[in-house]
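Novice: Sharing work37.txt below, compact mmCIF, C-alpha atoms and all ligand atoms:
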# COMPACT_ATOMS: atom_id res chain seq x y z
CA MET A 1 2.50 -88.18 -80.99
CA LYS A 2 0.91 -85.25 -82.73
CA LYS A 3 0.38 -85.61 -86.41
CA TYR A 4 2.01 -82.43 -87.70
CA PRO A 5 5.02 -80.47 -86.46
CA TYR A 6 3.33 -77.22 -87.57
CA LEU A 7 -0.24 -76.05 -88.01
CA ILE A 8 -0.23 -72.90 -90.14
CA VAL A 9 -3.17 -70.53 -89.89
CA GLY A 10 -3.54 -68.60 -93.14
CA ALA A 11 -2.52 -69.41 -96.72
CA GLY A 12 -1.21 -66.01 -97.79
CA PHE A 13 2.42 -65.33 -98.69
CA THR A 14 3.56 -65.76 -95.08
CA GLY A 15 1.81 -69.07 -94.44
CA ALA A 16 2.72 -70.48 -97.85
CA THR A 17 6.40 -69.57 -97.40
CA PHE A 18 6.56 -71.10 -93.92
CA ALA A 19 4.87 -74.29 -95.15
CA GLN A 20 7.02 -74.56 -98.27
CA GLN A 21 10.26 -74.02 -96.39
CA MET A 22 9.39 -76.61 -93.74
CA GLN A 23 8.13 -79.02 -96.38
CA SER A 24 11.45 -78.76 -98.20
CA GLN A 25 13.09 -79.93 -94.95
CA GLY A 26 10.79 -82.96 -94.80
CA LYS A 27 8.47 -81.42 -92.20
CA GLN A 28 4.89 -81.97 -93.33
CA CYS A 29 2.66 -79.00 -92.37
CA LEU A 30 -1.09 -78.51 -92.22
CA VAL A 31 -2.33 -75.15 -93.53
CA ILE A 32 -5.85 -74.02 -92.68
CA GLU A 33 -7.41 -71.09 -94.48
CA LYS A 34 -10.80 -69.52 -93.80
CA ARG A 35 -11.25 -68.32 -97.37
CA PRO A 36 -12.22 -70.71 -100.17
CA TYR A 37 -8.85 -70.13 -101.90
CA VAL A 38 -5.14 -69.74 -101.20
CA GLY A 39 -3.14 -66.56 -101.76
CA GLY A 40 -4.65 -64.31 -99.10
CA LEU A 41 -4.87 -60.73 -100.29
CA SER A 42 -2.70 -61.46 -103.32
CA TYR A 43 -5.41 -63.77 -104.71
CA THR A 44 -6.00 -63.33 -108.43
CA GLU A 45 -8.87 -64.62 -110.54
CA ASP A 46 -9.33 -64.99 -114.28
CA ILE A 47 -12.03 -62.68 -115.63
CA GLU A 48 -12.29 -62.25 -119.42
CA ASN A 49 -8.83 -63.78 -119.81
CA ILE A 50 -7.39 -61.11 -117.52
CA ASP A 51 -5.75 -61.87 -114.17
CA VAL A 52 -7.74 -59.71 -111.77
CA HIS A 53 -6.17 -58.70 -108.44
CA ILE A 54 -9.31 -59.25 -106.39
CA HIS A 55 -8.03 -57.68 -103.15
CA GLY A 56 -6.08 -54.81 -104.69
CA ALA A 57 -3.03 -54.43 -106.88
CA HIS A 58 0.01 -56.50 -105.96
CA ILE A 59 3.31 -55.77 -107.69
CA PHE A 60 6.19 -57.93 -106.62
CA HIS A 61 9.44 -56.07 -106.03
CA THR A 62 12.52 -56.74 -103.98
CA ASN A 63 16.11 -55.70 -103.68
CA ARG A 64 17.18 -59.10 -102.40
CA SER A 65 18.48 -61.60 -104.93
CA ASP A 66 17.82 -64.52 -102.54
CA ILE A 67 14.12 -63.60 -102.34
CA TRP A 68 13.91 -63.01 -106.08
CA ASN A 69 15.50 -66.41 -106.77
CA TYR A 70 13.17 -67.97 -104.22
CA VAL A 71 9.92 -66.70 -105.81
CA ASN A 72 11.17 -67.52 -109.30
CA GLN A 73 11.15 -71.18 -108.32
CA PHE A 74 7.35 -71.05 -108.23
CA SER A 75 6.52 -68.83 -111.18
CA MET A 76 7.94 -67.04 -114.16
CA PHE A 77 7.73 -63.26 -113.72
CA ASN A 78 7.06 -60.75 -116.47
CA HIS A 79 8.98 -57.49 -116.84
CA PHE A 80 6.24 -55.18 -115.52
CA ILE A 81 7.56 -51.90 -114.12
CA ASN A 82 5.08 -49.99 -112.00
CA SER A 83 4.77 -46.41 -113.29
CA PRO A 84 1.56 -45.09 -111.79
CA MET A 85 0.04 -41.74 -112.72
CA ALA A 86 -1.89 -39.34 -110.53
CA ILE A 87 -4.83 -37.15 -111.51
CA TYR A 88 -5.62 -33.94 -109.62
CA GLN A 89 -8.35 -31.62 -110.88
CA GLY A 90 -8.20 -33.16 -114.32
CA LYS A 91 -4.43 -32.76 -114.73
CA ILE A 92 -2.23 -35.84 -114.94
CA TYR A 93 1.18 -36.25 -113.24
CA ASN A 94 3.82 -38.97 -113.17
CA LEU A 95 4.68 -40.81 -109.99
CA PRO A 96 6.79 -41.32 -107.98
CA PHE A 97 7.97 -37.75 -107.50
CA ASN A 98 10.54 -37.20 -110.24
CA MET A 99 11.58 -34.77 -112.98
CA ASN A 100 8.48 -35.63 -115.05
CA THR A 101 6.31 -34.62 -112.07
CA PHE A 102 8.29 -31.46 -111.37
CA SER A 103 8.34 -30.30 -114.97
CA LYS A 104 4.56 -30.73 -115.25
CA MET A 105 4.01 -28.95 -111.93
CA TRP A 106 6.26 -25.93 -112.58
CA ASP A 107 6.88 -25.93 -116.32
CA ILE A 108 10.62 -26.38 -115.83
CA THR A 109 13.10 -28.80 -117.40
CA SER A 110 16.22 -29.15 -115.24
CA PRO A 111 17.01 -30.70 -111.84
CA LEU A 112 18.59 -27.44 -110.71
CA GLU A 113 15.36 -25.54 -111.33
CA ALA A 114 13.34 -28.21 -109.52
CA LYS A 115 15.67 -28.22 -106.53
CA ALA A 116 15.62 -24.44 -106.29
CA ILE A 117 11.80 -24.37 -106.20
CA ILE A 118 11.61 -27.17 -103.63
CA ASP A 119 14.31 -25.58 -101.44
CA ASP A 120 12.49 -22.28 -101.55
CA GLN A 121 9.23 -23.95 -100.44
CA ILE A 122 11.02 -25.85 -97.68
CA ARG A 123 12.48 -22.58 -96.39
CA THR A 124 9.08 -20.90 -96.45
CA TYR A 125 7.47 -23.76 -94.54
CA GLY A 126 10.46 -24.03 -92.21
CA VAL A 127 10.40 -27.63 -90.98
CA LYS A 128 13.72 -28.40 -89.31
CA ASP A 129 13.10 -31.75 -87.70
CA PRO A 130 10.12 -33.45 -89.43
CA GLN A 131 8.02 -35.42 -86.95
CA ASN A 132 5.06 -36.62 -89.00
CA LEU A 133 4.05 -37.49 -92.56
CA GLU A 134 3.05 -33.93 -93.49
CA GLU A 135 6.27 -32.38 -92.21
CA HIS A 136 8.40 -35.05 -93.79
CA ALA A 137 6.63 -34.72 -97.16
CA ILE A 138 6.89 -30.92 -97.28
CA SER A 139 10.52 -31.00 -96.22
CA SER A 140 11.39 -33.37 -99.06
CA VAL A 141 9.20 -32.33 -102.04
CA GLY A 142 7.88 -28.90 -101.05
CA LYS A 143 4.40 -27.55 -100.48
CA ASP A 144 3.02 -27.66 -104.07
CA ILE A 145 3.63 -31.38 -104.54
CA TYR A 146 2.37 -32.04 -101.02
CA ASP A 147 -0.89 -30.15 -101.63
CA VAL A 148 -1.58 -31.65 -105.06
CA LEU A 149 -0.28 -35.21 -104.85
CA ILE A 150 0.06 -36.19 -101.19
CA LYS A 151 -2.27 -34.53 -98.70
CA GLY A 152 -5.65 -35.51 -100.18
CA TYR A 153 -4.59 -39.02 -101.15
CA THR A 154 -2.99 -39.71 -97.78
CA GLU A 155 -5.85 -38.38 -95.70
CA LYS A 156 -8.50 -40.39 -97.52
CA GLN A 157 -6.28 -43.48 -97.65
CA TRP A 158 -5.69 -43.48 -93.90
CA GLY A 159 -8.84 -41.69 -92.67
CA MET A 160 -6.84 -39.26 -90.58
CA GLU A 161 -4.90 -36.02 -90.89
CA ALA A 162 -1.41 -36.30 -92.35
CA VAL A 163 0.02 -34.59 -89.24
CA LYS A 164 -1.15 -37.57 -87.18
CA LEU A 165 0.53 -40.18 -89.40
CA PRO A 166 4.08 -41.51 -89.10
CA ALA A 167 6.57 -40.34 -91.74
CA PHE A 168 7.71 -43.86 -92.66
CA ILE A 169 4.51 -44.35 -94.73
CA ILE A 170 5.64 -41.78 -97.30
CA LYS A 171 9.30 -42.79 -97.11
CA ARG A 172 8.26 -45.87 -99.11
CA LEU A 173 8.16 -43.68 -102.21
CA PRO A 174 11.33 -42.61 -104.03
CA ILE A 175 12.05 -38.96 -104.84
CA ARG A 176 14.25 -38.56 -107.88
CA PHE A 177 15.76 -35.72 -109.82
CA THR A 178 15.86 -37.84 -112.98
CA TYR A 179 13.19 -38.60 -115.58
CA ASP A 180 12.53 -42.08 -114.18
CA ASN A 181 8.93 -43.16 -113.48
CA ASN A 182 9.72 -46.51 -111.86
CA TYR A 183 7.73 -46.49 -108.60
CA PHE A 184 10.26 -48.72 -106.88
CA ASP A 185 14.00 -48.47 -106.34
CA ASP A 186 14.33 -52.24 -106.03
CA ARG A 187 16.50 -54.24 -108.37
CA PHE A 188 13.89 -56.90 -109.18
CA GLN A 189 10.25 -56.38 -110.14
CA GLY A 190 7.46 -58.19 -111.97
CA ILE A 191 4.10 -59.94 -111.93
CA PRO A 192 3.80 -63.75 -111.85
CA ASP A 193 2.97 -64.83 -115.37
CA GLU A 194 0.05 -67.04 -114.42
CA GLY A 195 -1.09 -64.97 -111.45
CA TYR A 196 -0.38 -65.03 -107.72
CA THR A 197 -2.90 -67.78 -106.97
CA LYS A 198 -1.12 -70.23 -109.27
CA MET A 199 2.21 -69.24 -107.77
CA ILE A 200 1.02 -69.85 -104.18
CA GLN A 201 -0.53 -73.14 -105.29
CA ASN A 202 2.89 -74.11 -106.61
CA MET A 203 4.47 -73.17 -103.28
CA LEU A 204 1.95 -75.35 -101.48
CA LYS A 205 2.43 -78.46 -103.64
CA GLY A 206 2.55 -81.49 -101.33
CA VAL A 207 1.40 -79.47 -98.29
CA ASP A 208 -1.92 -80.44 -96.64
CA VAL A 209 -4.29 -77.49 -97.10
CA GLU A 210 -7.82 -77.18 -95.70
CA LEU A 211 -9.83 -74.32 -97.21
CA ASN A 212 -13.04 -72.84 -95.75
CA THR A 213 -11.63 -73.62 -92.32
CA ASP A 214 -11.83 -71.00 -89.59
CA TYR A 215 -9.20 -71.51 -86.88
CA PHE A 216 -11.29 -69.67 -84.31
CA SER A 217 -14.29 -71.95 -84.86
CA ASN A 218 -12.38 -74.69 -83.00
CA LYS A 219 -9.04 -73.31 -81.87
CA GLU A 220 -8.26 -76.00 -79.30
CA TYR A 221 -8.94 -78.80 -81.73
CA PHE A 222 -6.76 -77.29 -84.47
CA ASP A 223 -3.95 -76.57 -81.99
CA SER A 224 -4.09 -80.21 -80.89
CA LEU A 225 -3.21 -81.34 -84.44
CA ALA A 226 0.35 -80.02 -84.27
CA GLU A 227 3.33 -79.42 -82.04
CA LYS A 228 3.29 -75.71 -82.84
CA THR A 229 0.89 -73.22 -84.37
CA VAL A 230 2.05 -70.62 -86.87
CA TYR A 231 -0.49 -67.81 -86.70
CA THR A 232 -0.58 -65.25 -89.53
CA GLY A 233 -3.83 -63.41 -88.66
CA PRO A 234 -4.37 -60.21 -86.63
CA ILE A 235 -2.57 -60.49 -83.30
CA ASP A 236 -5.31 -58.71 -81.32
CA ARG A 237 -7.89 -61.23 -82.58
CA PHE A 238 -5.72 -64.12 -81.37
CA PHE A 239 -5.90 -62.74 -77.84
CA ASP A 240 -9.64 -61.99 -77.99
CA PHE A 241 -8.91 -58.23 -78.04
CA GLN A 242 -8.16 -58.40 -74.33
CA TYR A 243 -6.17 -55.15 -74.32
CA GLY A 244 -8.44 -53.47 -76.89
CA ARG A 245 -8.57 -53.35 -80.67
CA LEU A 246 -5.69 -52.47 -82.93
CA ASP A 247 -6.69 -50.18 -85.79
CA TYR A 248 -6.49 -51.34 -89.38
CA ARG A 249 -7.48 -49.60 -92.57
CA SER A 250 -9.84 -51.51 -94.79
CA LEU A 251 -10.66 -51.21 -98.47
CA ARG A 252 -13.68 -51.78 -100.64
CA PHE A 253 -13.32 -52.66 -104.31
CA GLU A 254 -15.81 -52.03 -107.10
CA THR A 255 -14.82 -54.15 -110.05
CA GLU A 256 -16.47 -54.07 -113.46
CA VAL A 257 -15.96 -55.51 -116.92
CA LEU A 258 -16.00 -52.85 -119.62
CA ALA A 259 -16.60 -53.51 -123.29
CA CYS A 260 -13.61 -51.45 -124.41
CA SER A 261 -10.08 -52.64 -124.93
CA ASN A 262 -8.20 -49.88 -123.08
CA TYR A 263 -9.91 -47.72 -120.45
CA GLN A 264 -7.14 -45.62 -118.90
CA GLY A 265 -3.89 -46.57 -120.65
CA ASN A 266 -2.09 -47.55 -117.44
CA ALA A 267 -2.37 -50.19 -114.70
CA VAL A 268 -2.63 -47.70 -111.82
CA ILE A 269 -4.03 -44.18 -111.78
CA ASN A 270 -4.27 -42.43 -108.41
CA TYR A 271 -6.91 -39.78 -107.72
CA THR A 272 -5.26 -37.45 -105.25
CA GLU A 273 -8.14 -35.00 -104.55
CA LYS A 274 -9.81 -35.62 -101.22
CA SER A 275 -13.26 -34.99 -102.70
CA VAL A 276 -12.94 -38.00 -105.07
CA PRO A 277 -14.04 -40.90 -102.83
CA TYR A 278 -11.74 -43.54 -104.31
CA THR A 279 -7.93 -43.47 -104.14
CA ARG A 280 -7.11 -45.24 -107.37
CA ILE A 281 -8.44 -47.00 -110.44
CA ILE A 282 -6.71 -50.21 -111.42
CA GLU A 283 -6.95 -51.55 -114.98
CA HIS A 284 -5.81 -55.11 -114.50
CA LYS A 285 -4.86 -56.11 -118.05
CA HIS A 286 -1.94 -53.65 -118.06
CA PHE A 287 -0.17 -55.68 -115.35
CA ASN A 288 0.26 -58.57 -117.72
CA PRO A 289 -0.95 -57.91 -121.27
CA LYS A 290 -1.73 -61.05 -123.25
CA PRO A 291 -3.34 -61.79 -126.61
CA ASN A 292 -7.13 -62.32 -126.67
CA GLN A 293 -7.99 -59.80 -123.99
CA ILE A 294 -10.86 -58.21 -125.88
CA LYS A 295 -12.56 -56.46 -122.96
CA THR A 296 -11.07 -54.80 -119.90
CA VAL A 297 -11.58 -55.07 -116.14
CA VAL A 298 -11.27 -52.02 -113.91
CA THR A 299 -11.46 -51.64 -110.14
CA HIS A 300 -12.21 -48.51 -108.11
CA GLU A 301 -10.52 -48.72 -104.71
CA TYR A 302 -12.29 -47.06 -101.76
CA PRO A 303 -10.61 -46.82 -98.33
CA GLU A 304 -12.92 -47.80 -95.47
CA VAL A 305 -13.08 -47.90 -91.70
CA PHE A 306 -12.26 -51.39 -90.44
CA ASP A 307 -15.15 -52.80 -88.45
CA LEU A 308 -14.48 -56.57 -88.19
CA ALA A 309 -17.08 -57.23 -90.92
CA ASN A 310 -14.60 -56.23 -93.61
CA GLU A 311 -10.91 -57.13 -94.11
CA PRO A 312 -7.96 -55.64 -92.20
CA TYR A 313 -5.74 -54.47 -95.08
CA TYR A 314 -3.24 -52.06 -93.53
CA PRO A 315 -1.97 -51.79 -89.96
CA ILE A 316 -2.19 -48.16 -88.85
CA ASN A 317 1.21 -47.78 -87.22
CA ASN A 318 0.73 -44.53 -85.30
CA SER A 319 2.17 -44.28 -81.81
CA GLU A 320 -1.08 -45.22 -80.03
CA ASN A 321 -1.41 -48.45 -82.01
CA GLN A 322 2.28 -49.22 -81.71
CA GLN A 323 2.03 -49.04 -77.93
CA LEU A 324 -0.96 -51.35 -77.94
CA TYR A 325 0.82 -53.72 -80.30
CA GLN A 326 3.82 -53.82 -77.94
CA ARG A 327 1.51 -55.08 -75.19
CA TYR A 328 0.20 -57.86 -77.44
CA PHE A 329 3.75 -58.63 -78.53
CA ALA A 330 4.85 -59.01 -74.89
CA LEU A 331 1.88 -61.29 -74.28
CA SER A 332 2.75 -63.39 -77.34
CA LYS A 333 6.13 -64.16 -75.77
CA LYS A 334 4.25 -66.13 -73.10
CA TYR A 335 3.01 -68.52 -75.79
CA PRO A 336 6.15 -70.36 -76.91
CA ARG A 337 4.22 -72.91 -78.93
CA VAL A 338 2.71 -70.23 -81.14
CA ILE A 339 4.72 -68.41 -83.81
CA PHE A 340 3.30 -65.02 -84.78
CA VAL A 341 4.45 -64.02 -88.23
CA GLY A 342 3.35 -61.83 -91.14
CA ARG A 343 1.81 -58.45 -91.83
CA LEU A 344 -1.16 -58.91 -89.49
CA ALA A 345 0.47 -60.95 -86.71
CA GLU A 346 3.50 -58.63 -86.55
CA TYR A 347 1.36 -55.52 -87.21
CA LYS A 348 3.81 -54.27 -89.82
CA TYR A 349 3.26 -52.61 -93.21
CA TYR A 350 5.11 -55.41 -95.01
CA ASN A 351 5.49 -55.71 -98.76
CA MET A 352 5.31 -59.25 -100.14
CA ASP A 353 9.08 -59.73 -100.14
CA GLN A 354 9.25 -58.62 -96.51
CA ALA A 355 6.51 -61.07 -95.53
CA ILE A 356 8.45 -63.84 -97.28
CA THR A 357 11.69 -62.77 -95.58
CA SER A 358 10.07 -62.76 -92.16
CA ALA A 359 8.57 -66.24 -92.69
CA ARG A 360 11.90 -67.60 -93.93
CA ASP A 361 13.71 -66.12 -90.93
CA ARG A 362 11.26 -67.78 -88.56
CA VAL A 363 11.71 -71.12 -90.29
CA LYS A 364 15.46 -70.76 -89.95
CA GLU A 365 15.12 -69.99 -86.24
CA GLU A 366 12.96 -73.08 -85.78
CA LEU A 367 15.35 -75.31 -87.69
CA ASP A 368 18.33 -73.91 -85.77
CA LYS A 369 16.56 -74.82 -82.51
CA THR A 370 16.00 -78.40 -83.57
CA THR A 371 19.56 -78.91 -84.81
CA ARG A 372 21.19 -77.28 -81.77
N1 LIG A 401 0.97 -41.48 -101.47
C1 LIG A 401 0.52 -40.22 -101.80
N2 LIG A 401 0.11 -39.97 -103.07
C2 LIG A 401 0.10 -40.92 -104.03
C3 LIG A 401 0.57 -42.20 -103.71
C4 LIG A 401 0.99 -42.46 -102.42
O1 LIG A 401 0.49 -39.33 -100.94
O2 LIG A 401 -0.31 -40.63 -105.16
C5 LIG A 401 1.39 -41.73 -100.07
C6 LIG A 401 0.20 -42.17 -99.22
O3 LIG A 401 0.39 -41.65 -97.91
C7 LIG A 401 0.34 -43.67 -99.22
C8 LIG A 401 1.85 -43.82 -99.18
O4 LIG A 401 2.34 -42.77 -100.00
O5 LIG A 401 -0.31 -44.27 -98.12
C9 LIG A 401 2.38 -45.15 -99.66
O6 LIG A 401 1.92 -45.38 -100.96
P1 LIG A 401 1.99 -46.81 -101.66
O7 LIG A 401 1.62 -46.64 -103.09
O8 LIG A 401 3.31 -47.42 -101.34
O9 LIG A 401 0.84 -47.57 -100.86
P2 LIG A 401 0.15 -49.02 -101.10
O10 LIG A 401 0.29 -49.36 -102.54
O11 LIG A 401 0.83 -49.94 -100.15
O12 LIG A 401 -1.27 -48.76 -100.74
Will you turn the file into structure tokens for me?
Ligand code: UDP
Specialist:
Amino acid sequence: MKKYPYLIVGAGFTGATFAQQMQSQGKQCLVIEKRPYVGGLSYTEDIENIDVHIHGAHIFHTNRSDIWNYVNQFSMFNHFINSPMAIYQGKIYNLPFNMNTFSKMWDITSPLEAKAIIDDQIRTYGVKDPQNLEEHAISSVGKDIYDVLIKGYTEKQWGMEAVKLPAFIIKRLPIRFTYDNNYFDDRFQGIPDEGYTKMIQNMLKGVDVELNTDYFSNKEYFDSLAEKTVYTGPIDRFFDFQYGRLDYRSLRFETEVLACSNYQGNAVINYTEKSVPYTRIIEHKHFNPKPNQIKTVVTHEYPEVFDLANEPYYPINNSENQQLYQRYFALSKKYPRVIFVGRLAEYKYYNMDQAITSARDRVKEELDKTTR
């Protein structure tokens, strides 16, 4: 008899959800995590009484009431609404693209005026059937907004030309002809009151967790501890890159404590010029303002080439990588005792709620199999 029904590799949102859901069905799991903490990229740390998003800003949002109810079991959420700003050549604009953005761009006030300008620019550019991010962006917000707020940001974020990127990346952002700066259309939104780390710790209560434990240092041994392995890391790494490497985009963060109480007046400010090397500055205290936050903590976020020495943050879902992923996916089907789930193992640009949904779906599939 093996000791555990499931070994879970990775203690991010995906691994924690899988473990918690199985645990709630009386199935004791073992989670191993190579980092010295749980939470994966959502990990937060207290610095100067401020919850600092160490691996980049995480704002929880979802349209699904079941997922919202689920996460609220493990933490209270505040009422944070993400309303980022963008700076281009010293001028500040509201995001996502809405009437505040349009009125600043063109000195207009009404939706009709904004639509007329955008339609005119779409006609001039003449995209009928948008095939890539650039064409999709121009055909929805026009050339001015594309040039000022999208092109430079996108190309430095992804390290490639916008014409080579898939349109779905920009479809994440709403376009509105109202004066509404909420970055998300989702019904539920907020930041866990005591940080993501505490929330994931709550999810993992009662689960066996081994930190500082690298699965690949002794894969066979760890696999032998359980009936099945739930793998949440990069899928190409699992198969020793045998078909080649999938591309990821990495990030580097420069975080500093400043002796002022309010540095930029907002949690997120994007820098959309290509010549500015960072994409955004995060001022962490604005995610969850609390008394006794005398100083402030700010992070400059720099996109980087992924080289295995740094972290894979974003899958780069262009057609070349998608084809390669499909080969790994087909191979993974030959490993029925391994479950591949999560942003890295499924090579999908998941938000947190989507990672949770995917993990919950896989748990349900597993439970359905055992009860059939
Ligand atoms: N984007 C942009 N300008 C901005 C913000 C976003 O062009 O000021 C584009 C860019 O291509 C980016 C995509 O929209 O990769 C998705 O942005 P989001 O803020 O959702 O990215 P994330 O927070 O996941 O990095």
Novice: Produce a table with one row for each residue of chain A that has an atom at most 7 Å from any atom of ligand LIG 401 (chain A), each row naming the nearest atom pair and its distance in Å at one decimal; use all atoms listed in the file; arrange rows by chain and rising residue number; format as CSV.
Specialist:
residue,atom,partner,partner_atom,distance
A:Ala86,CA,A:LIG401,O2,5.7
A:Leu95,CA,A:LIG401,O2,6.9
A:Leu149,CA,A:LIG401,N2,5.1
A:Ile150,CA,A:LIG401,O1,3.2
A:Lys151,CA,A:LIG401,O1,6.0
A:Tyr153,CA,A:LIG401,O1,5.1
A:Thr154,CA,A:LIG401,O3,3.9
A:Gln157,CA,A:LIG401,O5,6.0
A:Trp158,CA,A:LIG401,O5,6.9
A:Ile169,CA,A:LIG401,C8,5.2
A:Ile170,CA,A:LIG401,O4,4.4
A:Arg172,CA,A:LIG401,O8,5.6
A:Leu173,CA,A:LIG401,O8,6.2
A:Asn270,CA,A:LIG401,O2,5.4
A:Thr272,CA,A:LIG401,O2,5.9
Novice: Please list as a ChimeraX atom specification every residue within 12 Å of Phe60 of chain A, counting all atoms listed in the file and excluding residues in the same chain fewer than 6 positions away.
Specialist: /A:13,42,67-68,71-72,75-82,183-184,186-193,195-196,287,350-356
Novice: Please identify all polymer residues lying at most 12 Å from the point (-3.2, -60.1, -125.0) (file coordinates), using all atoms listed in the file, and present the result as a list in words.
Specialist: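 Taken together, the residues in range are Glu48, Asn49, Ile50, Asp51, Ser261, Asn262, His284, Lys285, His286, Phe287, Asn288, Pro289, Lys290, Pro291, Asn292, Gln293, Ile294, Lys295 and Thr296 of chain A.
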Novice: Just the residues within 12 Å of Leu331 of chain A, please, counting only C-alpha atoms, with nothing from its chain fewer than 3 positions along; format it as number ranges by chain.
Specialist: A: 235-236, 238-239, 241-243, 324-328, 334-336, 338, 340
Novice: Show me the residues around (-10.1, -38.1, -102.1) - criterion: an atom at most 10 Å away, all atoms listed in the file counted - as a PyMOL selection string.
Specialist: chain A and resi 88+151-157+270-280+302-303
Novice: Could you state the separation of atom CA of Arg343 of chain A and atom CA of Gly12 of chain A in Å, given to one decimal place?
Specialist: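 Atom CA of Gly12 of chain A lies at a distance of 10.1 Å from atom CA of Arg343 of chain A.
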Novice: Between atom CA of Arg237 of chain A and atom CA of Phe216 of chain A, what distance in Å does the model show, to one decimal?
Specialist: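 Those two atoms sit 9.3 Å apart.
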Novice: Could you name the residues that touch Asn266 of chain A at 8 Å or less, counting only C-alpha atoms, but leaving out those on the same chain fewer than 5 positions away, as JSON, numbers by chain?
Specialist: {"A": [84, 85, 283, 286]}
Novice: Which is closest to Tyr125 of chain A among A:Phe253, A:Tyr146, A:Ile108, A:Arg64, if we use only C-alpha atoms?
Specialist: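 Selected residue with least distance to Tyr125 of chain A: A:Tyr146.
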Novice: Please provide as a tab-separated table (two decimals) with C-alpha atoms, keeping the file's coordinate frame all residues within 6 Å of Ile282 of chain A, with the sequence filter that same-chain residues fewer than 6 positions apart are discarded (counting all atoms listed in the file).
Specialist:
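What ended up in part33.tsv:
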chain	number	residue	atom	x	y	z
A	267	ALA	CA	-2.37	-50.19	-114.70
A	268	VAL	CA	-2.63	-47.70	-111.82
A	298	VAL	CA	-11.27	-52.02	-113.91
A	299	THR	CA	-11.46	-51.64	-110.14
Novice: Nearest to Ile316 of chain A: which of A:Ala114, A:Leu204, A:Met160, A:Met199 is it, counting only C-alpha atoms?
Specialist: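 Nearest candidate to Ile316 of chain A out of A:Ala114, A:Leu204, A:Met160, A:Met199: A:Met160.
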Novice: Find the spatial neighbours of Asp144 of chain A, counting all atoms listed in the file, within a cut-off of 9 Å - ignore same-chain residues fewer than 6 positions away - and output them as a PyMOL selection string.
Specialist: chain A and resi 105+118+121+138
Novice: Out of A:Asp129, A:Asp119, A:Glu320, A:Glu161, which residue has the shortest atom-to-atom distance to Asp247 of chain A when counting only C-alpha atoms?
Specialist: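 Between A:Asp129, A:Asp119, A:Glu320, A:Glu161, the residue approaching Asp247 of chain A most closely is A:Glu320.
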Novice: Can you tell me how far atom CA of Tyr37 of chain A sits from atom CA of Val52 of chain A, in Å to one decimal?
Specialist: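 Straight-line distance from atom CA of Tyr37 of chain A to atom CA of Val52 of chain A works out to 14.4 Å.
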Novice: Ranking A:Leu165, A:Ala259, A:Leu251, A:Met99 by minimum distance to Asp180 of chain A and counting all atoms listed in the file, which one comes first?
Specialist: A:Met99
